[in-house]
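The file input-v1.txt contains compact mmCIF, C-alpha atoms and all ligand atoms:
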```txt
# COMPACT_ATOMS: atom_id res chain seq x y z
CA MET T 72 88.02 271.97 -91.69
CA PRO T 73 91.71 271.23 -92.31
CA GLU T 74 92.59 270.01 -95.79
CA GLY T 75 95.25 267.46 -96.70
CA LYS T 76 94.99 265.55 -93.45
CA LYS T 77 94.18 261.88 -93.13
CA ILE T 78 90.52 261.18 -92.60
CA LEU T 79 89.57 259.61 -89.30
CA LEU T 80 86.23 258.24 -88.17
CA SER T 81 85.11 256.60 -85.00
CA GLY T 82 81.79 255.85 -83.43
CA THR T 83 80.30 255.11 -80.06
CA GLN T 84 76.94 253.53 -79.37
CA PRO T 85 74.58 255.61 -77.24
CA SER T 86 73.70 252.54 -75.25
CA GLY T 87 74.29 253.87 -71.75
CA ARG T 88 76.55 256.18 -69.87
CA LEU T 89 80.27 256.14 -70.56
CA HIS T 90 82.68 254.61 -68.08
CA ILE T 91 86.37 255.10 -67.52
CA GLY T 92 87.13 251.96 -69.56
CA ASN T 93 85.48 253.51 -72.63
CA TYR T 94 87.50 256.65 -72.08
CA LEU T 95 90.89 255.00 -71.60
CA GLY T 96 90.31 252.32 -74.23
CA ALA T 97 88.90 254.46 -76.99
CA LEU T 98 87.66 258.00 -76.46
CA ARG T 99 90.80 259.50 -74.96
CA GLN T 100 92.58 259.10 -78.27
CA PHE T 101 89.97 261.13 -80.10
CA VAL T 102 90.90 264.38 -78.44
CA GLU T 103 94.55 264.22 -79.46
CA LEU T 104 93.89 262.78 -82.91
CA GLN T 105 91.47 265.51 -83.95
CA LYS T 106 94.42 267.91 -84.10
CA THR T 107 96.20 265.93 -86.77
CA HIS T 108 93.31 264.35 -88.71
CA GLU T 109 90.17 265.42 -90.45
CA SER T 110 87.91 263.80 -87.91
CA PHE T 111 84.37 262.45 -87.81
CA PHE T 112 82.99 261.36 -84.45
CA MET T 113 79.74 259.55 -84.82
CA ILE T 114 77.00 258.61 -82.42
CA ALA T 115 75.95 255.16 -83.61
CA ASP T 116 72.27 255.36 -82.71
CA TYR T 117 71.13 252.76 -85.24
CA HIS T 118 73.74 250.38 -83.86
CA ALA T 119 72.42 251.03 -80.37
CA LEU T 120 68.91 250.14 -81.53
CA THR T 121 70.09 246.52 -81.50
CA SER T 122 70.02 246.74 -77.70
CA VAL T 123 68.16 249.92 -76.63
CA GLN T 124 64.54 249.47 -77.65
CA ASP T 125 62.91 252.37 -75.88
CA GLY T 126 62.53 255.50 -78.01
CA GLY T 127 62.78 257.97 -75.13
CA LYS T 128 65.85 256.26 -73.76
CA LEU T 129 67.68 256.14 -77.10
CA ALA T 130 67.03 259.85 -77.70
CA GLU T 131 68.19 260.70 -74.19
CA ASN T 132 71.32 258.57 -74.52
CA THR T 133 72.12 260.22 -77.85
CA LEU T 134 71.99 263.71 -76.39
CA ASN T 135 74.03 262.51 -73.43
CA LEU T 136 76.72 261.04 -75.64
CA ALA T 137 76.94 264.27 -77.63
CA MET T 138 77.56 266.10 -74.33
CA ASP T 139 80.11 263.46 -73.31
CA TYR T 140 82.01 263.94 -76.57
CA LEU T 141 82.06 267.69 -76.03
CA ALA T 142 83.01 267.38 -72.36
CA ILE T 143 86.06 265.22 -73.02
CA GLY T 144 87.32 267.85 -75.43
CA ILE T 145 86.13 267.01 -78.91
CA ASP T 146 85.99 270.41 -80.52
CA PRO T 147 83.09 270.95 -82.93
CA GLU T 148 85.09 273.67 -84.69
CA GLU T 149 87.78 271.16 -85.46
CA SER T 150 85.86 267.89 -85.86
CA VAL T 151 82.52 266.74 -87.18
CA ILE T 152 80.23 265.38 -84.46
CA PHE T 153 77.13 263.74 -85.88
CA LYS T 154 74.58 261.06 -85.33
CA GLN T 155 74.41 258.12 -87.67
CA SER T 156 70.65 258.37 -88.26
CA ASP T 157 71.08 261.88 -89.72
CA VAL T 158 72.85 260.27 -92.66
CA PRO T 159 70.50 257.61 -94.09
CA GLU T 160 73.16 256.70 -96.65
CA HIS T 161 74.74 254.55 -93.91
CA MET T 162 71.74 252.22 -93.97
CA GLU T 163 71.63 252.23 -97.75
CA LEU T 164 75.27 251.23 -98.07
CA ALA T 165 74.89 248.60 -95.32
CA TRP T 166 72.21 246.92 -97.44
CA ILE T 167 74.50 246.84 -100.44
CA PHE T 168 77.18 245.24 -98.27
CA ASN T 169 74.66 242.69 -97.00
CA CYS T 170 74.18 241.61 -100.57
CA ILE T 171 77.86 240.91 -101.24
CA THR T 172 78.60 239.24 -97.90
CA THR T 173 77.87 235.64 -97.01
CA MET T 174 76.25 234.29 -93.87
CA PRO T 175 79.19 231.97 -93.03
CA TYR T 176 81.55 234.93 -93.21
CA LEU T 177 79.51 236.97 -90.73
CA MET T 178 79.08 233.91 -88.53
CA ARG T 179 82.79 234.10 -87.80
CA ALA T 180 82.40 237.47 -86.04
CA HIS T 181 83.27 237.29 -82.32
CA ALA T 182 80.08 239.05 -81.28
CA PHE T 183 77.99 236.48 -83.13
CA LYS T 184 80.00 233.52 -81.86
CA ASP T 185 79.72 234.78 -78.26
CA ALA T 186 75.96 235.05 -78.57
CA GLU T 187 75.80 231.56 -80.09
CA ALA T 188 78.00 230.10 -77.37
CA LYS T 189 75.71 231.55 -74.73
CA ASN T 190 72.71 230.25 -76.61
CA LYS T 191 71.37 233.77 -76.86
CA GLU T 192 68.90 234.68 -79.53
CA ILE T 193 70.48 237.19 -81.86
CA SER T 194 68.55 239.73 -83.91
CA VAL T 195 69.17 240.16 -87.62
CA GLY T 196 70.38 243.68 -86.76
CA LYS T 197 73.02 242.36 -84.38
CA PHE T 198 74.06 239.75 -86.89
CA GLU T 199 74.65 242.31 -89.61
CA TYR T 200 76.05 244.91 -87.23
CA PRO T 201 79.50 244.70 -88.88
CA MET T 202 78.00 245.64 -92.27
CA LEU T 203 76.56 248.87 -90.89
CA MET T 204 79.87 249.60 -89.22
CA ALA T 205 81.66 249.00 -92.53
CA ALA T 206 79.28 251.48 -94.15
CA ASP T 207 79.96 254.05 -91.39
CA ILE T 208 83.66 253.86 -92.08
CA LEU T 209 83.79 253.48 -95.85
CA LEU T 210 81.37 256.29 -96.74
CA TYR T 211 83.91 258.92 -95.71
CA GLU T 212 87.06 257.53 -97.35
CA THR T 213 88.27 256.91 -93.82
CA GLU T 214 91.91 255.92 -93.44
CA VAL T 215 92.18 255.73 -89.66
CA VAL T 216 89.71 254.18 -87.21
CA PRO T 217 90.66 254.68 -83.54
CA ILE T 218 89.00 251.96 -81.50
CA GLY T 219 89.35 249.70 -78.50
CA GLN T 220 90.89 246.25 -78.88
CA ASP T 221 87.50 244.52 -79.00
CA GLN T 222 86.53 246.37 -82.17
CA LYS T 223 89.55 245.26 -84.17
CA GLN T 224 87.71 242.44 -85.92
CA HIS T 225 85.04 244.86 -87.07
CA VAL T 226 87.65 246.94 -88.87
CA GLU T 227 89.08 243.79 -90.45
CA ILE T 228 85.59 242.93 -91.68
CA THR T 229 85.32 246.47 -93.03
CA ARG T 230 88.55 246.04 -95.00
CA ASP T 231 87.43 242.68 -96.38
CA THR T 232 84.12 244.19 -97.40
CA ALA T 233 85.79 247.14 -99.13
CA GLU T 234 88.10 244.78 -100.99
CA LYS T 235 85.24 242.56 -102.02
CA PHE T 236 83.20 245.50 -103.30
CA ASN T 237 86.21 246.86 -105.19
CA ARG T 238 86.80 243.45 -106.74
CA ILE T 239 83.21 243.06 -107.89
CA PHE T 240 82.35 246.62 -108.92
CA GLY T 241 85.73 248.30 -109.48
CA GLU T 242 87.95 250.48 -107.32
CA THR T 243 85.65 252.48 -105.03
CA PHE T 244 86.64 252.30 -101.38
CA VAL T 245 89.76 253.25 -99.47
CA LEU T 246 90.97 250.52 -97.09
CA PRO T 247 90.95 251.82 -93.51
CA ALA T 248 93.36 250.82 -90.73
CA PRO T 249 92.50 250.43 -87.05
CA LEU T 250 94.39 252.50 -84.52
CA ILE T 251 94.63 250.82 -81.15
CA LEU T 252 96.59 252.28 -78.28
CA ASP T 253 99.13 249.57 -77.53
CA GLU T 254 99.60 250.28 -73.88
CA VAL T 255 95.91 250.24 -73.17
CA ALA T 256 95.11 246.78 -72.12
CA THR T 257 91.62 246.15 -70.91
CA VAL T 258 90.56 248.32 -68.01
CA PRO T 259 89.20 246.10 -65.25
CA GLY T 260 85.92 246.79 -63.48
CA ILE T 261 85.35 246.69 -59.74
CA ASP T 262 84.84 242.91 -59.78
CA GLY T 263 88.10 242.33 -61.68
CA ARG T 264 86.45 241.37 -64.97
CA LYS T 265 86.64 243.70 -68.00
CA MET T 266 84.90 246.93 -67.13
CA SER T 267 81.61 246.88 -69.02
CA LYS T 268 78.25 248.44 -68.54
CA SER T 269 76.71 245.06 -69.20
CA TYR T 270 78.45 243.62 -66.12
CA GLY T 271 77.42 246.52 -63.87
CA ASN T 272 81.03 246.74 -62.66
CA ASP T 273 81.83 250.15 -64.09
CA ILE T 274 82.84 253.54 -62.75
CA GLY T 275 81.15 256.38 -64.64
CA LEU T 276 83.35 258.78 -66.56
CA PHE T 277 81.40 261.66 -65.03
CA ALA T 278 80.69 260.00 -61.67
CA ASP T 279 80.25 262.23 -58.64
CA ASP T 280 82.57 261.93 -55.67
CA GLY T 281 80.11 259.75 -53.76
CA GLU T 282 79.93 257.19 -56.57
CA ILE T 283 83.69 257.20 -57.01
CA GLU T 284 84.26 256.52 -53.32
CA SER T 285 81.68 253.78 -52.97
CA LYS T 286 82.73 252.03 -56.19
CA VAL T 287 86.44 252.14 -55.39
CA MET T 288 85.86 250.92 -51.84
CA SER T 289 83.90 247.97 -53.19
CA ILE T 290 86.63 246.77 -55.57
CA VAL T 291 87.10 243.07 -54.94
CA THR T 292 90.52 242.07 -53.55
CA ASP T 293 91.90 238.96 -51.88
CA SER T 294 91.75 238.82 -48.10
CA LYS T 295 95.36 239.71 -47.29
CA GLY T 296 95.48 241.90 -44.22
CA VAL T 297 97.65 244.84 -43.18
CA GLY T 298 101.28 243.81 -42.97
CA GLU T 299 100.99 241.00 -45.48
CA THR T 300 102.85 241.02 -48.79
CA LYS T 301 100.53 241.67 -51.73
CA ASP T 302 100.89 240.94 -55.42
CA PRO T 303 100.35 244.10 -57.48
CA GLU T 304 100.05 242.09 -60.69
CA THR T 305 96.89 240.29 -59.60
CA CYS T 306 95.28 243.23 -57.79
CA THR T 307 92.46 245.12 -59.51
CA VAL T 308 93.10 248.25 -57.42
CA PHE T 309 96.69 248.26 -58.61
CA ALA T 310 95.63 247.70 -62.21
CA LEU T 311 93.61 250.92 -61.93
CA HIS T 312 96.50 252.74 -60.26
CA LYS T 313 98.40 252.12 -63.47
CA PHE T 314 95.98 254.47 -65.19
CA PHE T 315 95.35 257.04 -62.49
CA SER T 316 98.33 257.05 -60.12
CA GLN T 317 101.27 257.30 -62.49
CA ASN T 318 103.46 259.39 -60.21
CA GLU T 319 102.97 257.27 -57.11
CA LEU T 320 103.11 253.95 -58.93
CA PRO T 321 106.67 252.83 -58.01
CA ASP T 322 106.04 253.70 -54.38
CA ILE T 323 102.70 251.89 -54.29
CA GLU T 324 104.24 248.84 -55.93
CA ARG T 325 107.07 248.74 -53.41
CA ARG T 326 104.64 249.03 -50.52
CA TYR T 327 102.44 246.24 -51.92
CA ARG T 328 105.48 243.97 -51.96
CA ASP T 329 106.85 244.91 -48.55
CA GLY T 330 103.41 244.64 -46.98
CA SER T 331 103.23 248.20 -45.68
CA MET T 332 100.16 249.10 -47.70
CA SER T 333 96.68 247.89 -46.85
CA TYR T 334 94.04 247.51 -49.55
CA LYS T 335 92.09 250.20 -47.72
CA GLU T 336 94.90 252.73 -48.09
CA SER T 337 95.48 251.71 -51.68
CA LYS T 338 91.80 252.29 -52.43
CA GLU T 339 91.83 255.67 -50.69
CA ILE T 340 94.71 256.82 -52.88
CA LEU T 341 92.92 255.56 -55.98
CA ALA T 342 89.64 257.25 -55.02
CA LYS T 343 91.42 260.58 -54.51
CA ASN T 344 93.22 260.36 -57.85
CA LEU T 345 90.05 259.36 -59.66
CA LYS T 346 88.19 262.28 -58.12
CA ASP T 347 90.91 264.68 -59.26
CA PHE T 348 90.78 263.19 -62.73
CA ILE T 349 87.01 263.25 -63.11
CA ALA T 350 86.19 266.64 -61.53
CA PRO T 351 87.22 268.86 -64.49
CA LEU T 352 85.44 266.59 -66.98
CA ARG T 353 82.27 266.72 -64.91
CA GLU T 354 82.46 270.50 -64.66
CA LYS T 355 82.91 270.93 -68.39
CA ARG T 356 79.95 268.65 -69.03
CA LYS T 357 77.77 270.85 -66.85
CA THR T 358 78.23 273.79 -69.21
CA PHE T 359 76.60 271.70 -71.95
CA GLU T 360 73.92 270.31 -69.66
CA ARG T 361 72.80 273.91 -69.16
CA ASP T 362 72.66 274.56 -72.90
CA HIS T 363 71.00 271.69 -74.78
CA ASP T 364 70.15 273.98 -77.70
CA ARG T 365 73.82 274.48 -78.38
CA VAL T 366 74.41 270.73 -78.36
CA ILE T 367 71.53 270.14 -80.79
CA GLU T 368 72.90 272.85 -83.11
CA ILE T 369 76.29 271.15 -83.13
CA LEU T 370 74.68 267.82 -84.03
CA LYS T 371 72.58 269.34 -86.80
CA LYS T 372 75.55 271.10 -88.31
CA GLY T 373 77.70 267.98 -88.09
CA GLY T 374 74.92 265.85 -89.60
CA ALA T 375 74.50 268.20 -92.57
CA PHE T 376 78.24 268.23 -93.23
CA ALA T 377 78.57 264.45 -92.98
CA ARG T 378 75.52 263.89 -95.16
CA GLU T 379 76.91 265.98 -97.97
CA ARG T 380 80.06 263.87 -97.99
CA ALA T 381 78.12 260.63 -97.77
CA GLN T 382 75.82 261.63 -100.64
CA LYS T 383 78.79 262.25 -102.90
CA LYS T 384 80.19 258.82 -102.15
CA MET T 385 76.83 257.13 -102.59
CA ALA T 386 76.40 258.71 -106.02
CA ASP T 387 79.50 256.81 -107.10
CA VAL T 388 78.39 253.60 -105.35
CA ARG T 389 74.93 253.68 -106.97
CA LEU T 390 76.50 254.18 -110.34
CA LYS T 391 78.77 251.19 -109.79
CA VAL T 392 76.05 248.82 -108.58
CA GLY T 393 73.64 249.90 -111.29
CA THR T 394 70.84 251.65 -109.45
CA THR T 395 71.46 254.96 -111.22
CA LEU T 396 69.25 254.86 -114.27
CA TYR T 397 68.81 258.62 -114.72
P1 LIG T 401 80.71 248.17 -72.79
O1 LIG T 401 81.50 246.88 -72.69
O2 LIG T 401 80.68 248.89 -71.50
O3 LIG T 401 79.33 247.94 -73.36
P2 LIG T 401 81.33 249.20 -75.35
O4 LIG T 401 81.35 247.82 -75.91
O5 LIG T 401 80.20 250.11 -75.68
O6 LIG T 401 81.50 249.09 -73.77
O7 LIG T 401 82.72 249.88 -75.74
C1 LIG T 401 82.88 251.15 -76.36
C2 LIG T 401 84.36 251.37 -76.62
O8 LIG T 401 85.10 251.42 -75.37
C3 LIG T 401 84.99 250.23 -77.41
O9 LIG T 401 85.83 250.77 -78.40
C4 LIG T 401 85.75 249.44 -76.41
O10 LIG T 401 86.88 248.84 -76.94
C5 LIG T 401 86.13 250.44 -75.33
N1 LIG T 401 86.08 249.76 -74.03
C6 LIG T 401 84.99 249.31 -73.41
N2 LIG T 401 85.28 248.73 -72.23
C7 LIG T 401 86.62 248.81 -72.12
C8 LIG T 401 87.55 248.36 -71.12
N3 LIG T 401 87.14 247.76 -70.00
N4 LIG T 401 88.85 248.60 -71.32
C9 LIG T 401 89.29 249.23 -72.45
N5 LIG T 401 88.47 249.67 -73.42
C10 LIG T 401 87.14 249.47 -73.27
N1 LIG T 402 80.94 249.15 -82.86
C1 LIG T 402 81.51 250.25 -82.14
C2 LIG T 402 81.46 249.97 -80.63
O1 LIG T 402 80.59 249.27 -80.18
C3 LIG T 402 80.79 251.54 -82.43
C4 LIG T 402 80.87 251.95 -83.87
C5 LIG T 402 79.86 251.98 -84.78
C6 LIG T 402 82.05 252.34 -84.57
N2 LIG T 402 80.30 252.42 -85.97
C7 LIG T 402 81.63 252.65 -85.89
C8 LIG T 402 83.39 252.48 -84.18
C9 LIG T 402 82.57 253.06 -86.85
C10 LIG T 402 84.30 252.89 -85.16
C11 LIG T 402 83.90 253.19 -86.48
O2 LIG T 402 82.27 250.51 -79.92
```

Rewrite the structure of this file - the entire thing - as structure tokens.
Ligand code: ADP
Ligand code: TRP
Amino acid sequence: MPEGKKILLSGTQPSGRLHIGNYLGALRQFVELQKTHESFFMIADYHALTSVQDGGKLAENTLNLAMDYLAIGIDPEESVIFKQSDVPEHMELAWIFNCITTMPYLMRAHAFKDAEAKNKEISVGKFEYPMLMAADILLYETEVVPIGQDQKQHVEITRDTAEKFNRIFGETFVLPAPLILDEVATVPGIDGRKMSKSYGNDIGLFADDGEIESKVMSIVTDSKGVGETKDPETCTVFALHKFFSQNELPDIERRYRDGSMSYKESKEILAKNLKDFIAPLREKRKTFERDHDRVIEILKKGGAFARERAQKKMADVRLKVGTTLY
């Protein structure tokens, strides 16, 4: 473990398979950042319990996400890969944060407001989700939190919570900063909305060639035919080319505008580039699929390392809040 580097932590919920939006928006950064930071990559299984309420499924998703992390290139020799539930101090600290945070403050969180606006019933766990996330981050003296745009507010809540704790109980927590890749706007799904597993419009990060082809071919476009001028800026296929067809992009753009490219051809180019991009990731994942024991060992080792750190921090926190009597 490298010393003297900034501490970085990020987490992903094991709430389903990863898609290319998750990769481009968040996970891709992890691989590069682990070289320059002391990194913790967490599997947020207790966060996922707010939506996955099937024990077998949650366990399966957790193992899958560990393999995904490894397949994209997170190196367990360089970074700590662990699951949240292996460090019960996260839940303990989340409770303490619950006690210093007000309901109206948490009611301003986007996730809560969205649920309210849709008249959805929200569990207490979902409501206090940001407190557990604050605990995840603050337990490790984290300075950098690489995340997708939609998680920015959660890091702001984390900073507010750290400041509030420090104000009440004395200087304890380091204030973390979010790290969001500027150029990564939202990756659209095949229906043009934000790619999200909850919309069913996603393309799997480890999809096989058949899935890639059928998903790309079903991307929704307008009805402009061959020969007609097309607007790259409003086309979902083109938006994905920006991520996967860098070299051909100027040519594709020109041909959209002069009408010489059909949506069918554009999709065929995209499908080919996506297949080339995904194939090596899928192959690397297979090596872990054949060796679950190795994956479990990595998680156990990561969990033990993280827990030791978290316990040290909690000793200080307990002292400050007054639960250390002896
Ligand atoms: P989903 O919407 O599929 O449930 P999550 O909310 O679990 O995805 O997102 C996990 C991470 O991936 C987040 O940090 C999020 O910002 C990023 N992410 C998810 N979807 C996209 C997208 N379409 N474009 C860019 N980043 C995304
Ligand atoms: N809320 C994050 C998401 O849905 C996952 C997460 C949990 C997380 N704990 C974290 C991300 C701590 C960064 C740091 O994507």

Please identify every residue of chain T that has at least one atom no farther than 7 Å from an atom of ligand LIG 401 (chain T), counting all atoms listed in the file, and for each give the shortest atom pair and the distance in Å to one decimal, arranged by chain then increasing number, as JSON lines.
```
{"residue": "T:Thr83", "atom": "CA", "partner": "T:LIG401", "partner_atom": "C1", "distance": 6.0}
{"residue": "T:Gln84", "atom": "CA", "partner": "T:LIG401", "partner_atom": "O5", "distance": 6.0}
{"residue": "T:Ser86", "atom": "CA", "partner": "T:LIG401", "partner_atom": "O5", "distance": 7.0}
{"residue": "T:His90", "atom": "CA", "partner": "T:LIG401", "partner_atom": "O2", "distance": 7.0}
{"residue": "T:Gly92", "atom": "CA", "partner": "T:LIG401", "partner_atom": "C8", "distance": 3.9}
{"residue": "T:Asn93", "atom": "CA", "partner": "T:LIG401", "partner_atom": "O8", "distance": 3.5}
{"residue": "T:Tyr94", "atom": "CA", "partner": "T:LIG401", "partner_atom": "O8", "distance": 6.6}
{"residue": "T:Leu95", "atom": "CA", "partner": "T:LIG401", "partner_atom": "C9", "distance": 6.0}
{"residue": "T:Gly96", "atom": "CA", "partner": "T:LIG401", "partner_atom": "N5", "distance": 3.3}
{"residue": "T:Ala97", "atom": "CA", "partner": "T:LIG401", "partner_atom": "O9", "distance": 5.0}
{"residue": "T:Ile218", "atom": "CA", "partner": "T:LIG401", "partner_atom": "O9", "distance": 4.6}
{"residue": "T:Gly219", "atom": "CA", "partner": "T:LIG401", "partner_atom": "O10", "distance": 3.0}
{"residue": "T:Gln220", "atom": "CA", "partner": "T:LIG401", "partner_atom": "O10", "distance": 5.2}
{"residue": "T:Asp221", "atom": "CA", "partner": "T:LIG401", "partner_atom": "O10", "distance": 4.8}
{"residue": "T:Gln222", "atom": "CA", "partner": "T:LIG401", "partner_atom": "O10", "distance": 5.8}
{"residue": "T:Val255", "atom": "CA", "partner": "T:LIG401", "partner_atom": "C9", "distance": 6.7}
{"residue": "T:Ala256", "atom": "CA", "partner": "T:LIG401", "partner_atom": "C9", "distance": 6.3}
{"residue": "T:Thr257", "atom": "CA", "partner": "T:LIG401", "partner_atom": "N4", "distance": 3.7}
{"residue": "T:Val258", "atom": "CA", "partner": "T:LIG401", "partner_atom": "N4", "distance": 3.7}
{"residue": "T:Pro259", "atom": "CA", "partner": "T:LIG401", "partner_atom": "N3", "distance": 5.4}
{"residue": "T:Gly260", "atom": "CA", "partner": "T:LIG401", "partner_atom": "N3", "distance": 6.7}
{"residue": "T:Lys265", "atom": "CA", "partner": "T:LIG401", "partner_atom": "N3", "distance": 4.6}
{"residue": "T:Met266", "atom": "CA", "partner": "T:LIG401", "partner_atom": "N3", "distance": 3.7}
{"residue": "T:Ser267", "atom": "CA", "partner": "T:LIG401", "partner_atom": "O2", "distance": 3.3}
{"residue": "T:Lys268", "atom": "CA", "partner": "T:LIG401", "partner_atom": "O2", "distance": 3.9}
{"residue": "T:Ser269", "atom": "CA", "partner": "T:LIG401", "partner_atom": "O3", "distance": 5.7}
```

Neighbouring residues of ligand LIG 402 (chain T) are defined here as those with any atom at most 6 Å from a ligand atom, counting only C-alpha atoms and all ligand atoms; list them as a PyMOL selection string. chain T and resi 80-84+115+204+207-208+216

Within 12 Å of (64.8, 244.4, -82.1) in the file's own coordinates, which protein, DNA or RNA residues have an atom, counting all atoms listed in the file? List them as a ChimeraX atom specification. /T:117-125,192-198

I'd like the contact shell of Lys383 (chain T) - 10 Å cut-off, all atoms listed in the file, skipping same-chain residues fewer than 5 positions apart - returned as a short mmCIF file (atom, residue, chain, number, x, y, z; two decimals) with C-alpha atoms, in the frame of the given file.
```
data_model
loop_
_atom_site.label_atom_id
_atom_site.label_comp_id
_atom_site.auth_asym_id
_atom_site.auth_seq_id
_atom_site.Cartn_x
_atom_site.Cartn_y
_atom_site.Cartn_z
CA LEU T 210 81.37 256.29 -96.74
CA TYR T 211 83.91 258.92 -95.71
CA ARG T 378 75.52 263.89 -95.16
CA VAL T 388 78.39 253.60 -105.35
#
```

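Checking T:Glu149, T:Glu319, T:Asp262, T:Glu379 one by one against Ile290 (chain T), counting all atoms listed in the file, you find the shortest gap at T:Asp262.
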
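Comparing the minimum interatomic distances between Arg238 (chain T) and each of T:Thr358, T:Val308, T:Ile340, T:Ile171, counting all atoms listed in the file, we find that T:Ile171 sits nearest.
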
Residue nearest Asp347 (chain T) among T:Asp185, T:Glu103, T:Asp279, T:Asp231 (counting all atoms listed in the file): T:Asp279

Return the padded bounding box of region 372-379 of chain T as JSON: axis-aligned, built from all atoms listed in the file, 5 Å added on each side, with centre and edge lengths in Å to one decimal.
```
{"center_x": 76.5, "center_y": 267.5, "center_z": -93.0, "size_x": 14.1, "size_y": 17.2, "size_z": 19.9}
```

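For the pair CA of Phe359 (chain T) and CA of Ala142 (chain T), the separation is 7.7 Å.
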
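Taking CA of Ile167 (chain T) as the reference point, CA of Ala130 (chain T) is found at 27.2 Å.
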
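Interatomic distance, CA of Glu339 (chain T) to CA of Glu282 (chain T): 13.4 Å.
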
Point out the residue among T:Leu396, T:Ile367, T:Leu390, T:Leu177 with the least atom-to-atom distance to Glu131 (chain T), counting only C-alpha atoms. T:Ile367

Name the residues in contact with Thr229 (chain T) at a cut-off of 9 Å, using only C-alpha atoms, excluding same-chain residues fewer than 3 positions from it; report them as a list of chain:residue names. T:Pro201, T:Met202, T:Met204, T:Ala205, T:Ala206, T:Ile208, T:Leu209, T:Gln224, T:His225, T:Val226, T:Thr232, T:Ala233, T:Glu234, T:Leu246, T:Pro247

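If all atoms listed in the file are the atoms counted, then among T:Pro249, T:Asp302, T:Asp146, T:Phe112 the closest residue to Gly330 (chain T) is T:Asp302.
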
Enumerate, as a PDB file with C-alpha atoms, in the coordinates of the input, the protein, DNA and RNA residues whose atoms approach (101.1, 241.1, -48.1) to within 7 Å, taking into account only C-alpha atoms and the coordinate frame of the file.
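That gives us point-v6.pdb:
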```
ATOM      1  CA  LYS T 295      95.360 239.710 -47.290  1.00  0.00           C
ATOM      2  CA  GLY T 296      95.480 241.900 -44.220  1.00  0.00           C
ATOM      3  CA  GLY T 298     101.280 243.810 -42.970  1.00  0.00           C
ATOM      4  CA  GLU T 299     100.990 241.000 -45.480  1.00  0.00           C
ATOM      5  CA  THR T 300     102.850 241.020 -48.790  1.00  0.00           C
ATOM      6  CA  LYS T 301     100.530 241.670 -51.730  1.00  0.00           C
ATOM      7  CA  TYR T 327     102.440 246.240 -51.920  1.00  0.00           C
ATOM      8  CA  ARG T 328     105.480 243.970 -51.960  1.00  0.00           C
ATOM      9  CA  ASP T 329     106.850 244.910 -48.550  1.00  0.00           C
ATOM     10  CA  GLY T 330     103.410 244.640 -46.980  1.00  0.00           C
TER      11      GLY T 330
END
```

Of the listed residues T:Gln317, T:Ser156, T:Ser285, T:Asn237, that which approaches Ala342 (chain T) most closely, counting only C-alpha atoms: T:Ser285
